$ cat work_23.cif   # mmCIF, C-alpha atoms
data_work
#
loop_
_atom_site.label_atom_id
_atom_site.label_comp_id
_atom_site.auth_asym_id
_atom_site.auth_seq_id
_atom_site.Cartn_x
_atom_site.Cartn_y
_atom_site.Cartn_z
CA LEU A 748 -62.78 -25.45 -118.45
CA VAL A 749 -61.71 -24.03 -115.10
CA HIS A 750 -62.42 -26.39 -112.17
CA CYS A 751 -62.75 -24.49 -108.94
CA SER A 752 -62.47 -26.17 -105.54
CA ASN A 753 -63.06 -24.55 -102.16
CA MET A 754 -60.83 -25.24 -99.16
CA TYR A 755 -63.17 -27.84 -97.70
CA GLY A 756 -62.66 -30.18 -100.64
CA GLY A 757 -65.99 -29.52 -102.27
CA SER A 758 -65.86 -29.25 -106.03
CA ALA A 759 -67.38 -26.57 -108.23
CA SER A 760 -66.37 -28.25 -111.48
CA GLY A 761 -68.71 -28.32 -114.49
CA ARG A 762 -68.59 -29.67 -117.98
CA ASP A 763 -65.48 -29.40 -120.18
CA ALA A 764 -67.13 -26.65 -122.24
CA VAL A 765 -70.25 -24.52 -121.98
CA MET A 766 -72.30 -22.63 -124.53
CA GLU A 767 -72.91 -18.93 -124.01
CA SER A 768 -74.70 -16.92 -126.74
CA GLY A 769 -73.85 -19.67 -129.25
CA ILE A 770 -70.11 -19.48 -128.48
CA VAL A 771 -68.32 -22.42 -126.87
CA GLN A 772 -66.72 -21.26 -123.59
CA ALA A 773 -63.79 -23.29 -122.23
CA GLY A 774 -61.04 -23.09 -119.65
CA VAL A 775 -57.42 -24.20 -119.32
CA GLY A 776 -57.78 -27.46 -117.33
CA ILE A 777 -56.88 -26.40 -113.74
CA PHE A 778 -58.57 -27.05 -110.37
CA PHE A 779 -58.08 -24.09 -107.99
CA GLN A 780 -58.42 -24.02 -104.16
CA GLN A 781 -58.99 -20.89 -102.06
CA GLU A 782 -57.55 -20.61 -98.52
CA ASN A 783 -58.84 -18.69 -95.51
CA ASP A 784 -56.66 -15.64 -96.30
CA GLY A 785 -58.24 -15.37 -99.80
CA SER A 786 -55.22 -16.65 -101.76
CA VAL A 787 -55.95 -19.16 -104.55
CA TYR A 788 -53.66 -22.11 -105.28
CA VAL A 789 -53.47 -24.72 -108.03
CA LYS A 790 -54.88 -27.89 -106.52
CA THR A 791 -55.00 -30.25 -109.55
CA ILE A 792 -53.99 -30.08 -113.23
CA VAL A 793 -56.41 -31.89 -115.54
CA SER A 794 -54.82 -34.57 -117.68
CA GLY A 795 -54.76 -33.59 -121.37
CA GLY A 796 -55.68 -29.99 -120.64
CA SER A 797 -53.93 -26.84 -121.83
CA ALA A 798 -52.02 -26.38 -118.52
CA GLU A 799 -50.61 -29.90 -118.65
CA ARG A 800 -49.62 -29.52 -122.34
CA GLU A 801 -47.88 -26.18 -121.64
CA GLY A 802 -45.99 -27.74 -118.70
CA SER A 803 -44.93 -24.66 -116.70
CA VAL A 804 -47.82 -24.65 -114.19
CA ARG A 805 -47.40 -26.86 -111.10
CA VAL A 806 -49.63 -27.92 -108.24
CA GLY A 807 -49.25 -25.50 -105.29
CA ASP A 808 -48.54 -22.39 -107.43
CA MET A 809 -50.52 -19.31 -106.33
CA ILE A 810 -52.33 -17.37 -109.05
CA LEU A 811 -51.80 -13.59 -108.91
CA ALA A 812 -53.34 -12.15 -112.11
CA VAL A 813 -55.39 -13.00 -115.22
CA ASP A 814 -54.47 -10.94 -118.28
CA ASP A 815 -52.75 -8.34 -116.04
CA ARG A 816 -55.77 -8.08 -113.72
CA ASP A 817 -54.94 -8.68 -110.06
CA VAL A 818 -57.07 -11.51 -108.62
CA ILE A 819 -55.52 -11.79 -105.14
CA GLY A 820 -58.38 -12.12 -102.63
CA GLU A 821 -61.02 -12.42 -105.38
CA PRO A 822 -63.64 -15.20 -105.00
CA LEU A 823 -63.45 -18.32 -107.13
CA SER A 824 -66.52 -17.27 -109.10
CA THR A 825 -64.73 -14.11 -110.30
CA LEU A 826 -61.62 -16.08 -111.19
CA ARG A 827 -63.68 -18.59 -113.14
CA GLY A 828 -65.40 -15.79 -115.10
CA LEU A 829 -62.03 -14.30 -116.04
CA ILE A 830 -60.41 -17.57 -117.16
CA LEU A 831 -63.38 -18.94 -119.10
CA GLY A 832 -63.50 -17.68 -122.67
CA PRO A 833 -64.11 -18.63 -126.30
CA GLN A 834 -62.59 -21.97 -127.18
CA GLY A 835 -59.29 -21.48 -129.01
CA SER A 836 -58.55 -18.03 -127.47
CA ARG A 837 -55.54 -17.40 -125.28
CA VAL A 838 -55.33 -16.22 -121.66
CA ARG A 839 -52.22 -15.08 -119.78
CA LEU A 840 -51.97 -16.22 -116.16
CA THR A 841 -49.45 -14.87 -113.62
CA PHE A 842 -48.35 -17.30 -110.88
CA GLU A 843 -46.03 -17.22 -107.87
CA ARG A 844 -44.01 -20.29 -106.88
CA ARG A 845 -42.11 -20.95 -103.69
CA GLU A 846 -38.92 -22.97 -103.93
CA GLY A 847 -37.08 -23.35 -100.66
CA SER A 848 -36.97 -19.96 -99.00
CA GLU A 849 -37.37 -17.98 -102.27
CA ASN A 850 -40.50 -16.90 -104.15
CA TYR A 851 -40.54 -15.94 -107.81
CA ARG A 852 -43.20 -14.99 -110.33
CA TYR A 853 -43.78 -16.27 -113.84
CA GLU A 854 -46.39 -15.97 -116.57
CA SER A 855 -48.04 -18.72 -118.62
CA THR A 856 -50.07 -18.15 -121.78
CA LEU A 857 -52.58 -20.98 -122.20
CA ILE A 858 -55.09 -21.85 -124.94
CA ARG A 859 -58.70 -22.19 -123.82
CA GLY A 860 -60.25 -25.47 -124.91
CA THR A 861 -61.23 -29.00 -124.06
CA ALA A 862 -58.85 -31.94 -124.35
CA GLU A 863 -60.59 -33.02 -127.56
CA TYR A 864 -60.23 -29.56 -129.05
CA LEU A 865 -56.55 -29.36 -128.16
CA ASN A 866 -55.93 -32.86 -129.59
CA GLY A 867 -57.52 -31.71 -132.87
CA ILE A 868 -55.34 -28.60 -133.26
CA SER A 869 -52.01 -30.05 -132.09
CA PRO A 870 -50.90 -31.54 -135.51
CA THR A 871 -51.71 -28.32 -137.30
CA ARG A 872 -49.98 -25.82 -135.10
CA SER A 873 -49.02 -22.71 -136.96
CA MET A 874 -45.71 -20.93 -136.89
CA ASP A 875 -47.39 -18.12 -134.99
CA ASP A 876 -48.15 -20.56 -132.17
CA ASP A 877 -44.52 -21.67 -132.16
CA ILE A 878 -43.41 -18.05 -132.16
CA ASP A 879 -45.79 -17.30 -129.30
CA ASP A 880 -44.45 -20.27 -127.39
CA ALA A 881 -40.88 -19.17 -128.10
CA ARG A 882 -41.70 -15.64 -126.99
CA LEU A 883 -43.32 -17.02 -123.86
CA GLN A 884 -40.30 -19.16 -123.06
CA LEU A 885 -38.04 -16.17 -123.79
CA ARG A 886 -40.09 -13.98 -121.43
CA GLN A 887 -39.89 -16.66 -118.76
CA ALA A 888 -36.14 -16.99 -119.30
CA LEU A 889 -35.74 -13.19 -119.16
CA ALA A 890 -37.87 -13.11 -115.99
CA GLN A 891 -35.70 -15.80 -114.43
CA CYS A 892 -32.54 -13.93 -115.53
CA SER A 893 -33.89 -10.71 -114.07
CA GLN A 894 -34.70 -12.50 -110.87
CA GLY A 895 -31.21 -14.02 -110.86
CA ARG A 896 -29.65 -10.58 -111.39
CA GLU A 897 -31.69 -9.23 -108.49
CA GLU A 898 -30.59 -12.11 -106.29
CA LEU A 899 -26.97 -11.56 -107.40
CA ASP A 900 -27.23 -7.84 -106.57
CA LYS A 901 -28.63 -8.73 -103.18
CA LEU A 902 -25.78 -11.18 -102.56
CA ARG A 903 -23.22 -8.57 -103.67
CA LYS A 904 -24.75 -6.00 -101.32
CA MET A 905 -24.77 -8.52 -98.48
CA LEU A 906 -21.12 -9.44 -99.21
CA GLN A 907 -20.12 -5.78 -99.27
CA GLN A 908 -21.94 -5.21 -95.99
CA GLU A 909 -20.21 -8.25 -94.48
CA ARG A 910 -16.81 -6.94 -95.66
CA GLU A 911 -17.48 -3.50 -94.21
CA SER A 912 -18.71 -5.07 -90.98
CA ALA A 913 -15.63 -7.31 -90.80
CA GLN A 914 -13.37 -4.33 -91.42
CA ARG A 915 -15.12 -2.36 -88.67
CA ARG A 916 -14.78 -5.33 -86.30
CA GLU A 917 -11.07 -5.63 -87.11
CA GLU A 918 -10.56 -1.92 -86.39
CA GLU A 919 -12.51 -2.24 -83.15
CA ILE A 920 -10.43 -5.31 -82.15
CA GLU A 921 -7.17 -3.45 -82.87
CA ALA A 922 -8.38 -0.47 -80.83
CA LEU A 923 -9.42 -2.80 -77.99
CA GLN A 924 -6.06 -4.58 -78.12
CA GLY A 925 -4.21 -1.25 -77.88
CA ALA A 926 -6.43 -0.13 -75.01
CA ASN A 927 -6.05 -3.50 -73.30
CA ALA A 928 -2.22 -3.37 -73.62
CA GLU A 929 -2.13 0.10 -72.09
CA GLU A 930 -4.56 -0.97 -69.38
CA ILE A 931 -2.48 -4.08 -68.66
CA ALA A 932 0.65 -1.94 -68.31
CA ASN A 933 -1.18 0.38 -65.93
CA LEU A 934 -2.50 -2.54 -63.94
CA SER A 935 0.97 -4.10 -63.70
CA GLU A 936 2.41 -0.83 -62.39
CA THR A 937 -0.48 -0.50 -59.97
CA LEU A 938 0.06 -4.11 -58.82
CA ARG A 939 3.78 -3.50 -58.26
CA LYS A 940 3.05 -0.40 -56.21
CA ALA A 941 0.37 -2.27 -54.28
CA GLU A 942 2.83 -5.10 -53.50
CA GLN A 943 5.45 -2.63 -52.28
CA ALA A 944 2.86 -0.85 -50.17
CA ARG A 945 1.72 -4.22 -48.77
CA ARG A 946 5.25 -5.06 -47.66
CA GLU A 947 5.69 -1.67 -46.03
CA SER A 948 2.31 -2.10 -44.38
CA GLU A 949 3.33 -5.51 -43.03
CA ILE A 950 6.43 -3.97 -41.46
CA GLN A 951 4.31 -1.23 -39.91
CA LEU A 952 1.57 -3.62 -38.91
CA HIS A 953 3.82 -6.01 -36.92
CA PRO A 954 3.69 -4.02 -33.65
CA LEU A 955 0.05 -3.32 -34.34
CA GLN A 956 -0.58 -7.04 -34.69
CA GLN A 957 1.07 -7.65 -31.31
CA ARG A 958 -1.10 -4.91 -29.84
CA GLU A 959 -4.10 -6.44 -31.56
CA THR A 960 -3.24 -9.81 -29.97
CA GLU A 961 -3.04 -8.21 -26.54
CA LEU A 962 -6.30 -6.40 -27.13
CA ALA A 963 -7.88 -9.64 -28.29
CA GLU A 964 -6.79 -11.40 -25.08
CA GLU A 965 -8.10 -8.48 -23.04
CA MET A 966 -11.36 -8.60 -25.01
CA ASN A 967 -11.64 -12.32 -24.32
CA ARG A 968 -11.23 -11.64 -20.59
CA GLN A 969 -13.82 -8.90 -20.76
CA LYS A 970 -16.12 -11.23 -22.67
CA GLU A 971 -15.70 -13.87 -19.95
CA LYS A 972 -16.52 -11.28 -17.30
CA GLU A 973 -19.47 -10.14 -19.33
CA ARG A 974 -20.62 -13.73 -19.66
CA LEU A 975 -20.40 -14.27 -15.89
CA ARG A 976 -22.22 -10.98 -15.30
CA LYS A 977 -24.96 -12.01 -17.72
CA GLU A 978 -25.29 -15.40 -16.01
CA TYR A 979 -25.62 -13.62 -12.63
CA ILE A 980 -28.21 -11.25 -14.11
CA GLU A 981 -30.07 -14.19 -15.63
CA GLU A 982 -30.09 -15.93 -12.25
CA LEU A 983 -31.42 -12.76 -10.60
CA LYS A 984 -34.05 -12.47 -13.32
CA LYS A 985 -35.02 -16.08 -12.78
CA ARG A 986 -35.36 -15.56 -9.02
CA HIS A 987 -37.27 -12.35 -9.57
CA GLU A 988 -39.59 -14.15 -12.00
CA GLU A 989 -40.19 -16.96 -9.50
CA GLU A 990 -40.92 -14.48 -6.72
CA LYS A 991 -43.17 -12.54 -9.05
CA ASN A 992 -45.07 -15.72 -9.97
CA ARG A 993 -45.41 -16.65 -6.27
CA LEU A 994 -46.75 -13.18 -5.40
CA GLU A 995 -49.11 -13.28 -8.37
CA GLN A 996 -50.43 -16.64 -7.19
CA LEU A 997 -50.92 -15.27 -3.68
CA PHE A 998 -52.62 -12.21 -5.11
CA LEU A 999 -54.89 -14.40 -7.23
CA LYS A 1000 -55.72 -16.54 -4.20
CA GLU A 1001 -56.45 -13.39 -2.16
CA GLN A 1002 -58.67 -12.08 -4.97
CA ALA A 1003 -60.43 -15.44 -5.15
CA GLY A 1004 -60.99 -15.34 -1.34
CA ARG A 1005 -62.31 -11.81 -1.61
CA ARG A 1006 -64.62 -12.80 -4.40
CA GLU A 1007 -65.87 -15.77 -2.35
CA ASP A 1008 -66.40 -13.50 0.71
CA GLN A 1009 -68.19 -11.00 -1.48
CA VAL A 1010 -70.37 -13.76 -2.92
CA LEU A 1011 -71.14 -15.06 0.61
CA ARG A 1012 -71.86 -11.54 1.82
CA LEU A 1013 -74.17 -10.87 -1.12
CA SER A 1014 -75.86 -14.24 -0.52
CA ALA A 1015 -76.28 -13.44 3.21
CA GLU A 1016 -77.64 -9.99 2.37
CA SER A 1017 -80.02 -11.57 -0.10
CA ASN A 1018 -81.15 -14.15 2.48
CA LEU A 1019 -81.47 -11.42 5.13
CA SER A 1020 -83.56 -9.37 2.76
CA LYS A 1021 -85.74 -12.39 2.07
CA ILE A 1022 -86.09 -13.07 5.82
CA GLN A 1023 -86.96 -9.45 6.52
CA THR A 1024 -89.50 -9.54 3.75
CA GLU A 1025 -90.94 -12.77 5.16
CA LEU A 1026 -91.04 -11.29 8.68
CA SER A 1027 -92.83 -8.23 7.37
CA ARG A 1028 -95.26 -10.48 5.57
CA LEU A 1029 -95.72 -12.57 8.77
CA ARG A 1030 -96.27 -9.43 10.86
CA GLU A 1031 -98.84 -8.21 8.39
CA TYR A 1032 -100.44 -11.66 8.42
CA GLU A 1033 -100.44 -11.71 12.27
CA LEU A 1034 -102.03 -8.28 12.40
CA ALA A 1035 -104.61 -9.33 9.88
CA ARG A 1036 -105.18 -12.57 11.85
CA LYS A 1037 -105.64 -10.65 15.07
CA GLU A 1038 -108.02 -8.23 13.43
CA LEU A 1039 -109.93 -11.15 11.92
CA GLU A 1040 -109.92 -12.96 15.28
CA GLU A 1041 -111.24 -9.88 17.05
CA GLU A 1042 -113.84 -9.45 14.35
CA CYS A 1043 -114.80 -13.13 14.69
CA LYS A 1044 -115.00 -12.79 18.47
CA ALA A 1045 -117.22 -9.77 18.07
CA LYS A 1046 -119.42 -11.67 15.64
CA ILE A 1047 -119.50 -14.69 18.03
CA ASP A 1048 -120.45 -12.42 20.92
CA ASP A 1049 -123.18 -10.91 18.79
CA GLU A 1050 -124.39 -14.36 17.83
CA ASN A 1051 -124.30 -15.50 21.49
CA SER A 1052 -126.30 -12.49 22.47
CA ARG A 1053 -128.79 -13.19 19.71
CA MET A 1054 -128.90 -16.88 20.67
CA LYS A 1055 -129.55 -15.97 24.28
CA GLU A 1056 -132.34 -13.68 23.21
CA ILE A 1057 -133.69 -16.45 20.95
CA PHE A 1058 -133.48 -18.97 23.81
CA GLN A 1059 -135.23 -16.56 26.12
CA VAL A 1060 -138.01 -16.02 23.58
CA SER A 1061 -138.11 -19.76 22.99
CA ASP A 1062 -138.38 -20.42 26.72
CA GLN A 1063 -141.19 -17.90 27.00
CA MET A 1064 -142.96 -19.46 24.06
CA ARG A 1065 -142.37 -22.96 25.48
CA MET A 1066 -143.79 -21.90 28.84
CA THR A 1067 -146.79 -20.33 27.13
CA LEU A 1068 -147.28 -23.43 25.01
CA ARG A 1069 -146.98 -25.68 28.02
CA ASP A 1070 -149.62 -23.65 29.89
CA ILE A 1071 -151.91 -23.86 26.86
CA GLU A 1072 -151.40 -27.59 26.54
CA LEU A 1073 -151.94 -28.06 30.24
CA LYS A 1074 -155.19 -26.14 30.11
CA MET A 1075 -156.25 -28.06 27.05
CA SER A 1076 -155.35 -31.36 28.72
CA ARG A 1077 -157.34 -30.50 31.77
CA ALA A 1078 -160.27 -29.41 29.72
CA TYR A 1079 -160.12 -32.59 27.66
CA ALA A 1080 -159.85 -34.71 30.81
CA ASP A 1081 -162.79 -32.97 32.38
CA TYR A 1082 -164.76 -33.38 29.22
CA PHE A 1083 -163.97 -37.07 28.67
CA ASN A 1084 -163.26 -38.01 32.35
CA ILE A 1085 -159.76 -39.33 31.60
CA ALA A 1086 -156.29 -38.73 33.04
CA PRO A 1087 -154.65 -35.52 31.87
CA TYR A 1088 -152.21 -35.80 28.88
CA GLU A 1089 -148.56 -34.93 29.47
CA SER A 1090 -147.28 -33.01 26.54
CA ALA A 1091 -143.95 -33.67 24.91
CA VAL A 1092 -143.32 -29.97 25.17
CA GLU A 1093 -142.86 -30.37 28.91
CA ASN A 1094 -140.24 -33.08 28.36
CA GLU A 1095 -138.45 -30.94 25.85
CA ALA A 1096 -138.53 -28.04 28.26
CA GLU A 1097 -137.02 -30.19 30.93
CA GLU A 1098 -134.27 -31.36 28.53
CA ALA A 1099 -133.66 -27.74 27.41
CA GLU A 1100 -133.05 -26.72 31.00
CA ASP A 1101 -130.03 -28.99 30.95
CA LEU A 1102 -128.52 -27.12 27.87
CA PHE A 1103 -126.50 -23.94 28.17
CA LEU A 1104 -124.75 -21.65 25.73
CA ALA A 1105 -121.09 -20.84 26.44
#
$ encode --input "work_23.cif" --output "structure tokens"
Amino acid sequence: LVHCSNMYGGSASGRDAVMESGIVQAGVGIFFQQENDGSVYVKTIVSGGSAEREGSVRVGDMILAVDDRDVIGEPLSTLRGLILGPQGSRVRLTFERREGSENYRYESTLIRGTAEYLNGISPTRSMDDDIDDARLQLRQALAQCSQGREELDKLRKMLQQERESAQRREEEIEALQGANAEEIANLSETLRKAEQARRESEIQLHPLQQRETELAEEMNRQKEKERLRKEYIEELKKRHEEEKNRLEQLFLKEQAGRREDQVLRLSAESNLSKIQTELSRLREYELARKELEEECKAKIDDENSRMKEIFQVSDQMRMTLRDIELKMSRAYADYFNIAPYESAVENEAEEAEDLFLA
């Protein structure tokens, strides 16, 4: 039976053998695990199974093919269907194993069956089984020899390449040494000529050095003069700056005084305008007052005239009333033989004579 395990540790294992159409189906006793990239590895070898009895399959080997069919990237269900078969039949599995930095392939022919089935047929193995096992071991040995020959050919090619590379490096080193020797000779000659030229230049440069010393002293004197001139200029600049600052302050004060005068003038003009406006308003008020006073005087005069007329009418009426009362009093006295009655109208008339209207 093939036991299939996914990468998360879950198991898809079943019974040791299954029945399909009356035929017992069995596997080879291997748990497989599939990685993210689709490759399938041997996770566990079942004790007593065909893989353990054969002995060539190891945990960690990657399965490549089943009976010459490529199964790289196939799901575990497909792999299980290919490995399961009638109990007692054979299946050829191709694996790849990594040892160190090298990978090599090998094939393993395994008998399908449970552990009980394999235990029952082990004592009665036929010569054909032994021959098949011998052939299988021979194929594995030939595969390993072929792989060894390929590795040996690779090593020979690498050694030949290293020899050729070493020979080329030696030739390059010899060429560089020859070029370096010639270059060293040229440099030595150039150095000798440069030394001779230096000595001649020193002889020629002696008077120039004296002249250079004199020029340096003269330059130092000129520098001292220049320094004194700069100090004088700096002093003048400083004085000029102070005078400039003083004039600017005076100018600012003058501007401030002008602004204050302008403010005072504007304030005086504003006050003058207000006073003129007030005077105009007072003149208008005085004219109105005079007109009102004249109008009031006219009304008072009219009222006085009317009052005088009223008083005159009143006096006439009072005189008429007094005459009537006097006549009535006399008639009453004559009728009743009593003293005549003095009317209050006469007293009021006498008091009214003392009043006057101004």
$ resolve_selection --input "work_23.cif" --expression "the PyMOL selection byres ((chain A and resi 799) around 12)" --output "list in words"
Val775, Gly776, Ile777, Phe778, Thr791, Ile792, Val793, Ser794, Gly795, Gly796, Ser797, Ala798, Arg800, Glu801, Gly802, Ser803, Val804, Arg805, Val806, Ser855, Leu857, Ile858, Thr861, Ala862 and Leu865 of chain A
$ closest_residue --input "work_23.cif" --among "A:Ala1080, A:Ile770, A:Leu889, A:Leu952" --to "Gln834 in chain A" --atoms "all atoms listed in the file"
A:Ile770
$ closest_atom_pairs --input "work_23.cif" --of "range 797-873 of chain A" --to "range 895-911 of chain A" --cutoff "12 Å" --atoms "only C-alpha atoms" --output "tab-separated table"
residue	atom	partner	partner_atom	distance
A:Glu849	CA	A:Glu898	CA	9.8
A:Asn850	CA	A:Glu898	CA	11.2
A:Tyr851	CA	A:Gly895	CA	10.0
$ atom_distance --input "work_23.cif" --atom1 "CA of Ala812 in chain A" --atom2 "CA of Ala890 in chain A"
16.0 Å
$ axis_aligned_box --input "work_23.cif" --around "range 990-998 of chain A" --padding-each-side "8 Å" --output "JSON"
{"center_x": -46.8, "center_y": -14.4, "center_z": -6.8, "size_x": 27.7, "size_y": 20.4, "size_z": 22.3}
$ atom_distance --input "work_23.cif" --atom1 "CA of Arg886 in chain A" --atom2 "CA of Arg859 in chain A"
20.5 Å
$ resolve_selection --input "work_23.cif" --expression "the PyMOL selection byres ((chain A and resi 819) around 8)" --output "PyMOL selection string"
chain A and resi 785-787+810-812+817-818+820-821
$ atom_distance --input "work_23.cif" --atom1 "CA of Leu885 in chain A" --atom2 "CA of Phe842 in chain A"
16.6 Å
$ decode --input "work_23.cif" --residues "range 792-811 of chain A" --atoms "N, CA and C atoms" --output "PDB file, in the first residue's frame"
ATOM      1  N   ILE A 792       9.433   4.992   5.502  1.00  0.00           N
ATOM      2  CA  ILE A 792       9.419   3.640   4.913  1.00  0.00           C
ATOM      3  C   ILE A 792       8.774   2.704   5.929  1.00  0.00           C
ATOM      4  N   VAL A 793       7.715   2.018   5.497  1.00  0.00           N
ATOM      5  CA  VAL A 793       6.956   1.146   6.394  1.00  0.00           C
ATOM      6  C   VAL A 793       7.777  -0.098   6.731  1.00  0.00           C
ATOM      7  N   SER A 794       7.798  -0.412   8.012  1.00  0.00           N
ATOM      8  CA  SER A 794       8.555  -1.587   8.454  1.00  0.00           C
ATOM      9  C   SER A 794       7.922  -2.862   7.896  1.00  0.00           C
ATOM     10  N   GLY A 795       8.759  -3.727   7.307  1.00  0.00           N
ATOM     11  CA  GLY A 795       8.284  -4.987   6.755  1.00  0.00           C
ATOM     12  C   GLY A 795       7.744  -4.878   5.363  1.00  0.00           C
ATOM     13  N   GLY A 796       7.719  -3.659   4.793  1.00  0.00           N
ATOM     14  CA  GLY A 796       7.195  -3.483   3.454  1.00  0.00           C
ATOM     15  C   GLY A 796       8.221  -3.817   2.398  1.00  0.00           C
ATOM     16  N   SER A 797       7.786  -3.725   1.129  1.00  0.00           N
ATOM     17  CA  SER A 797       8.652  -4.092   0.008  1.00  0.00           C
ATOM     18  C   SER A 797       9.859  -3.171  -0.079  1.00  0.00           C
ATOM     19  N   ALA A 798       9.648  -1.832   0.172  1.00  0.00           N
ATOM     20  CA  ALA A 798      10.764  -0.879   0.078  1.00  0.00           C
ATOM     21  C   ALA A 798      11.819  -1.175   1.117  1.00  0.00           C
ATOM     22  N   GLU A 799      11.396  -1.509   2.349  1.00  0.00           N
ATOM     23  CA  GLU A 799      12.378  -1.813   3.387  1.00  0.00           C
ATOM     24  C   GLU A 799      13.132  -3.107   3.061  1.00  0.00           C
ATOM     25  N   ARG A 800      12.435  -4.131   2.528  1.00  0.00           N
ATOM     26  CA  ARG A 800      13.079  -5.390   2.194  1.00  0.00           C
ATOM     27  C   ARG A 800      14.078  -5.201   1.054  1.00  0.00           C
ATOM     28  N   GLU A 801      13.731  -4.328   0.064  1.00  0.00           N
ATOM     29  CA  GLU A 801      14.647  -4.119  -1.059  1.00  0.00           C
ATOM     30  C   GLU A 801      15.891  -3.365  -0.610  1.00  0.00           C
ATOM     31  N   GLY A 802      15.713  -2.332   0.237  1.00  0.00           N
ATOM     32  CA  GLY A 802      16.838  -1.680   0.910  1.00  0.00           C
ATOM     33  C   GLY A 802      17.498  -0.525   0.188  1.00  0.00           C
ATOM     34  N   SER A 803      17.161  -0.239  -1.053  1.00  0.00           N
ATOM     35  CA  SER A 803      17.846   0.853  -1.766  1.00  0.00           C
ATOM     36  C   SER A 803      17.180   2.217  -1.546  1.00  0.00           C
ATOM     37  N   VAL A 804      15.879   2.207  -1.230  1.00  0.00           N
ATOM     38  CA  VAL A 804      15.150   3.476  -1.058  1.00  0.00           C
ATOM     39  C   VAL A 804      15.433   4.019   0.337  1.00  0.00           C
ATOM     40  N   ARG A 805      15.651   5.355   0.420  1.00  0.00           N
ATOM     41  CA  ARG A 805      15.926   6.010   1.696  1.00  0.00           C
ATOM     42  C   ARG A 805      14.961   7.186   1.892  1.00  0.00           C
ATOM     43  N   VAL A 806      14.797   7.539   3.152  1.00  0.00           N
ATOM     44  CA  VAL A 806      13.977   8.715   3.478  1.00  0.00           C
ATOM     45  C   VAL A 806      14.662   9.963   2.917  1.00  0.00           C
ATOM     46  N   GLY A 807      13.886  10.839   2.265  1.00  0.00           N
ATOM     47  CA  GLY A 807      14.411  12.072   1.678  1.00  0.00           C
ATOM     48  C   GLY A 807      14.652  11.973   0.193  1.00  0.00           C
ATOM     49  N   ASP A 808      14.599  10.721  -0.390  1.00  0.00           N
ATOM     50  CA  ASP A 808      14.770  10.581  -1.840  1.00  0.00           C
ATOM     51  C   ASP A 808      13.554  11.147  -2.554  1.00  0.00           C
ATOM     52  N   MET A 809      13.784  11.812  -3.694  1.00  0.00           N
ATOM     53  CA  MET A 809      12.691  12.407  -4.471  1.00  0.00           C
ATOM     54  C   MET A 809      12.326  11.463  -5.604  1.00  0.00           C
ATOM     55  N   ILE A 810      11.031  11.149  -5.720  1.00  0.00           N
ATOM     56  CA  ILE A 810      10.574  10.256  -6.778  1.00  0.00           C
ATOM     57  C   ILE A 810      10.414  11.053  -8.069  1.00  0.00           C
ATOM     58  N   LEU A 811      10.898  10.460  -9.192  1.00  0.00           N
ATOM     59  CA  LEU A 811      10.868  11.139 -10.486  1.00  0.00           C
ATOM     60  C   LEU A 811       9.901  10.485 -11.463  1.00  0.00           C
TER      61      LEU A 811
END
